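Shown next: coords_35.cif, containing mmCIF, C-alpha atoms.
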data_work
#
loop_
_atom_site.label_atom_id
_atom_site.label_comp_id
_atom_site.auth_asym_id
_atom_site.auth_seq_id
_atom_site.Cartn_x
_atom_site.Cartn_y
_atom_site.Cartn_z
CA MET M 218 0.00 0.00 0.00
CA GLY M 219 1.53 3.32 -1.07
CA ARG M 220 1.54 6.61 0.76
CA ALA M 221 -1.37 8.96 0.19
CA HIS M 222 -0.64 11.84 -2.13
CA LYS M 223 -0.41 15.19 -0.41
CA VAL M 224 -3.34 17.22 -1.74
CA GLY M 225 -3.14 20.29 0.41
CA THR M 226 -1.97 21.50 3.76
CA ALA M 227 -4.11 23.51 6.13
CA LEU M 228 -3.32 24.41 9.70
CA GLY M 229 -0.61 21.76 9.80
CA HIS M 230 -2.90 19.01 8.46
CA VAL M 231 -2.38 17.11 5.23
CA LEU M 232 -5.65 16.89 3.36
CA GLN M 233 -6.36 13.67 1.53
CA PRO M 234 -7.95 13.58 -1.92
CA TYR M 235 -11.70 13.08 -2.15
CA ALA M 236 -12.70 9.44 -2.14
CA ARG M 237 -15.48 8.54 -4.56
CA ILE M 238 -18.56 7.21 -2.78
CA GLY M 239 -20.97 7.30 -5.70
CA GLY M 240 -22.18 8.78 -8.93
CA LEU M 241 -22.33 7.72 -12.56
CA SER M 242 -18.76 8.80 -13.35
CA LEU M 243 -15.76 6.86 -12.11
CA GLY M 244 -13.41 9.78 -12.61
CA GLN M 245 -13.41 12.95 -10.55
CA PRO M 246 -14.53 15.98 -12.54
CA LEU M 247 -12.36 19.06 -12.84
CA MET M 248 -14.97 21.16 -11.04
CA SER M 249 -17.40 20.16 -8.30
CA ALA M 250 -19.63 21.83 -5.78
CA LEU M 251 -18.12 21.94 -2.30
CA LEU M 252 -20.40 20.86 0.54
CA GLN M 253 -19.29 21.22 4.15
CA THR M 254 -21.57 19.74 6.80
CA ASP M 255 -21.53 19.71 10.57
CA GLY M 256 -23.74 18.46 13.35
CA SER M 257 -24.31 19.74 16.86
CA PHE M 258 -26.01 17.61 19.53
CA HIS M 259 -27.25 19.07 22.82
CA HIS M 260 -27.03 16.32 25.46
CA LYS M 261 -29.52 17.86 27.91
CA THR M 262 -32.32 18.50 25.45
CA GLY M 263 -31.56 15.77 22.90
CA MET M 264 -31.97 18.34 20.14
CA SER M 265 -29.67 18.32 17.14
CA ARG M 266 -28.77 20.99 14.67
CA ILE M 267 -27.36 20.34 11.22
CA ALA M 268 -25.42 22.98 9.31
CA MET M 269 -24.69 22.91 5.59
CA LEU M 270 -22.56 25.23 3.51
CA LEU M 271 -22.69 24.69 -0.25
CA LYS M 272 -20.44 26.43 -2.75
CA SER M 273 -21.74 25.85 -6.27
CA GLU M 274 -19.74 24.01 -8.92
CA ASN M 275 -19.16 27.26 -10.81
CA GLY M 276 -18.01 28.98 -7.59
CA MET M 277 -20.50 31.81 -8.05
CA THR M 278 -22.99 30.94 -5.30
CA GLU M 279 -22.66 30.03 -1.65
CA THR M 280 -25.81 28.72 0.02
CA LYS M 281 -26.17 28.07 3.74
CA ASN M 282 -28.78 26.14 5.66
CA MET M 283 -29.32 25.00 9.22
CA ILE M 284 -32.07 22.71 10.40
CA HIS M 285 -33.14 21.31 13.76
CA ILE M 286 -33.92 17.62 14.20
CA SER M 287 -35.10 15.88 17.34
CA ASN M 288 -34.64 12.17 16.87
CA CYS M 289 -30.86 11.65 17.13
CA GLN M 290 -29.40 9.47 19.88
CA ASP M 291 -26.02 11.17 20.09
CA SER M 292 -23.52 13.45 18.40
CA THR M 293 -22.33 10.73 16.01
CA GLU M 294 -25.83 10.16 14.68
CA THR M 295 -26.13 13.93 14.24
CA GLU M 296 -22.97 13.93 12.09
CA TRP M 297 -24.37 11.09 9.95
CA ALA M 298 -27.58 13.09 9.54
CA SER M 299 -25.59 16.19 8.55
CA VAL M 300 -23.87 14.40 5.66
CA SER M 301 -27.16 12.83 4.54
CA GLN M 302 -29.16 16.07 4.69
CA GLY M 303 -26.27 17.99 3.16
CA LEU M 304 -26.23 15.75 0.09
CA VAL M 305 -30.00 16.18 -0.28
CA PHE M 306 -29.47 19.95 0.03
CA ALA M 307 -26.85 19.87 -2.76
CA LEU M 308 -29.17 17.86 -5.01
CA GLU M 309 -32.08 20.23 -4.30
CA ASN M 310 -29.81 23.08 -5.36
CA GLY M 311 -29.11 21.41 -8.69
CA GLU M 312 -25.59 20.19 -8.00
CA ARG M 313 -24.58 16.92 -9.66
CA ASN M 314 -20.83 16.88 -8.92
CA VAL M 315 -20.39 17.13 -5.17
CA ASN M 316 -17.33 17.03 -2.94
CA ILE M 317 -18.35 16.59 0.71
CA GLU M 318 -16.16 17.66 3.63
CA ASN M 319 -16.90 16.74 7.24
CA ASP M 320 -14.84 16.81 10.43
CA ASN M 321 -16.06 13.51 11.89
CA PHE M 322 -13.37 11.02 10.93
CA GLY M 323 -15.48 7.97 11.86
CA VAL M 324 -18.40 8.95 9.64
CA VAL M 325 -16.15 9.82 6.69
CA ALA M 326 -14.16 6.59 7.07
CA GLN M 327 -17.32 4.46 7.22
CA LEU M 328 -18.59 6.01 4.00
CA ILE M 329 -15.30 5.33 2.23
CA LEU M 330 -14.81 1.83 3.67
CA ARG M 331 -18.31 0.64 2.92
CA ASP M 332 -17.47 -3.06 3.40
CA ASN M 333 -16.97 -2.41 7.12
CA LYS M 334 -19.82 -3.66 9.29
CA LEU M 335 -21.56 -0.89 11.19
CA LYS M 336 -22.70 -1.57 14.76
CA GLN M 337 -25.32 1.14 15.05
CA ASP M 338 -28.65 0.83 13.23
CA TYR M 339 -28.65 4.57 12.56
CA ALA M 340 -25.21 4.36 10.91
CA ARG M 341 -26.43 1.62 8.56
CA TYR M 342 -29.56 3.66 7.82
CA TYR M 343 -27.70 6.89 7.04
CA ARG M 344 -24.93 5.18 5.06
CA SER M 345 -27.60 3.56 2.91
CA LEU M 346 -29.39 6.91 2.39
CA ILE M 347 -26.16 8.70 1.50
CA LEU M 348 -24.99 6.02 -0.92
CA ASN M 349 -28.45 5.83 -2.55
CA ASN M 350 -28.58 9.62 -2.97
CA SER M 351 -25.07 9.62 -4.41
CA THR M 352 -26.40 7.50 -7.30
CA LYS M 353 -28.40 10.60 -8.35
CA THR M 354 -25.14 12.46 -9.00
CA LEU M 355 -22.48 12.28 -11.65
CA TRP M 356 -19.80 12.28 -8.92
CA THR M 357 -19.89 12.29 -5.15
CA GLY M 358 -16.66 12.33 -3.18
CA ILE M 359 -15.90 12.81 0.49
CA ARG M 360 -12.94 13.61 2.70
CA TRP M 361 -12.21 14.43 6.31
CA ILE M 362 -11.18 17.96 7.22
CA PRO M 363 -10.06 19.35 10.58
CA ARG M 364 -12.76 21.09 12.62
CA GLU M 365 -11.02 24.45 12.18
CA MET M 366 -11.54 24.22 8.40
CA ASN M 367 -15.22 23.31 8.61
CA ARG M 368 -16.94 26.61 7.85
CA ALA M 369 -20.37 25.03 8.36
CA ASP M 370 -19.63 25.05 12.10
CA ALA M 371 -19.78 28.86 12.10
CA LEU M 372 -23.51 28.67 11.28
CA PHE M 373 -24.14 27.38 14.80
CA HIS M 374 -22.70 30.59 16.25
CA LEU M 375 -24.74 33.09 14.21
CA LYS M 376 -27.37 35.08 16.07
#
Show me this structure written as structure tokens.
Amino acid sequence: MGRAHKVGTALGHVLQPYARIGGLSLGQPLMSALLQTDGSFHHKTGMSRIAMLLKSENGMTETKNMIHISNCQDSTETEWASVSQGLVFALENGERNVNIENDNFGVVAQLILRDNKLKQDYARYYRSLILNNSTKTLWTGIRWIPREMNRADALFHLK
């Protein structure tokens, strides 16, 4: 197994290339929409918030959205939901080449390594939703980014 190619460096982190998780095309397009997602789970109330930041494929439009959901068990399920809802958001905004970035390494890894058995029912559910929705695209890729780079997180702090 060879070393991963260095794609970019940010805040001392080496960013990996996007890993294809679905779509009609096997090759990564030259231009794709950029979707950053994040989840926030409040332990006391059990409420979750999902933030999505979508930069269009042509780079001309940036669309933001935040929704509240109430049926997540924990913060990990909230992160799964953020990726799932984010991909739906990108599709609803007409994007068909989508690069997803998320700061939850476990969720990103489980989408890339889809042969791994998932213990949680919700993880199996969301992985299935995400992979099914990715079939509606020409290309869907994903990679992990450090929390400091995830601009979707800033949506939680807006008044």
| Once the PyMOL selection byres ((chain M and resi 241) around 8) has been applied to the shown file, what residues remain in the selection, as number ranges by chain? | M: 239-240, 242-243, 352-356
Could the residues of segment 232-312 of chain M that have an atom at most 10 Å from segment 357-372 of chain M be listed as a tab-separated table, each with its closest atom pair and the distance in Å to one decimal, counting only C-alpha atoms and ordered by chain and ascending residue number?
residue	atom	partner	partner_atom	distance
M:Leu232	CA	M:Ile362	CA	6.8
M:Gln233	CA	M:Arg360	CA	6.7
M:Pro234	CA	M:Arg360	CA	6.8
M:Tyr235	CA	M:Ile359	CA	5.0
M:Ala236	CA	M:Gly358	CA	5.0
M:Arg237	CA	M:Gly358	CA	4.2
M:Ile238	CA	M:Gly358	CA	5.5
M:Gly239	CA	M:Thr357	CA	5.1
M:Gly240	CA	M:Thr357	CA	5.6
M:Leu241	CA	M:Thr357	CA	9.0
M:Ser242	CA	M:Thr357	CA	9.0
M:Leu243	CA	M:Thr357	CA	9.7
M:Gln245	CA	M:Gly358	CA	8.1
M:Pro246	CA	M:Thr357	CA	9.8
M:Ser249	CA	M:Thr357	CA	8.8
M:Ala250	CA	M:Thr357	CA	9.6
M:Leu251	CA	M:Gly358	CA	9.8
M:Leu252	CA	M:Ala369	CA	8.9
M:Gln253	CA	M:Ala369	CA	5.8
M:Thr254	CA	M:Ala369	CA	5.6
M:Asp255	CA	M:Asp370	CA	5.9
M:Gly256	CA	M:Asp370	CA	7.9
M:Ser257	CA	M:Asp370	CA	8.5
M:Arg266	CA	M:Leu372	CA	9.9
M:Ile267	CA	M:Ala369	CA	8.9
M:Ala268	CA	M:Ala369	CA	5.5
M:Met269	CA	M:Ala369	CA	5.6
M:Leu270	CA	M:Ala369	CA	5.3
M:Leu271	CA	M:Ala369	CA	8.9
M:Lys281	CA	M:Ala369	CA	8.0
M:Asn282	CA	M:Leu372	CA	8.1
M:Met283	CA	M:Leu372	CA	7.2
M:Val300	CA	M:Ile359	CA	9.6
M:Leu304	CA	M:Thr357	CA	8.9
| task | Work out how far apart atom CA of Val305 of chain M and atom CA of Ile317 of chain M are and give it in Å to one decimal. | result | 11.7 Å
| message | Selection in question (the file shown): the PyMOL selection byres ((chain M and resi 260) around 12). Which residues does it include, as a PyMOL selection string? | response | chain M and resi 257-259+261-266+287+289-293+295
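Comparing M:Asp338, M:Glu296, M:Glu279, M:Glu309 by their smallest distance to Asn321 of chain M, the closest is M:Glu296 (using all atoms listed in the file).
In terms of minimum interatomic distance to Val324 of chain M, M:Glu294 ranks closest within M:Leu308, M:Glu294, M:Tyr342, M:Ile286, counting all atoms listed in the file.
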| message | With distances taken over all atoms listed in the file, which residue among M:Ser351, M:Asn310, M:Gln302, M:Asn319 lies nearest Thr278 of chain M? | response |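 Smallest distance to Thr278 of chain M is found for M:Asn310.
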| request: Choose the residue, out of M:His285, M:Arg344, M:Lys272, M:Lys336, that has the smallest atom-to-atom separation from Asn314 of chain M; count only C-alpha atoms. | output: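 Smallest distance to Asn314 of chain M is found for M:Lys272.
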| field | Separation of atom CA of Leu348 of chain M from atom CA of Leu330 of chain M, in Å and rounded to one decimal | value | 11.9 Å
| field | Nearest-residue call for Arg341 of chain M, choices M:Leu328, M:Met277, M:Ile284, M:Leu247, using all atoms listed in the file | value |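 Comparing M:Leu328, M:Met277, M:Ile284, M:Leu247 against Arg341 of chain M, the winner is M:Leu328.
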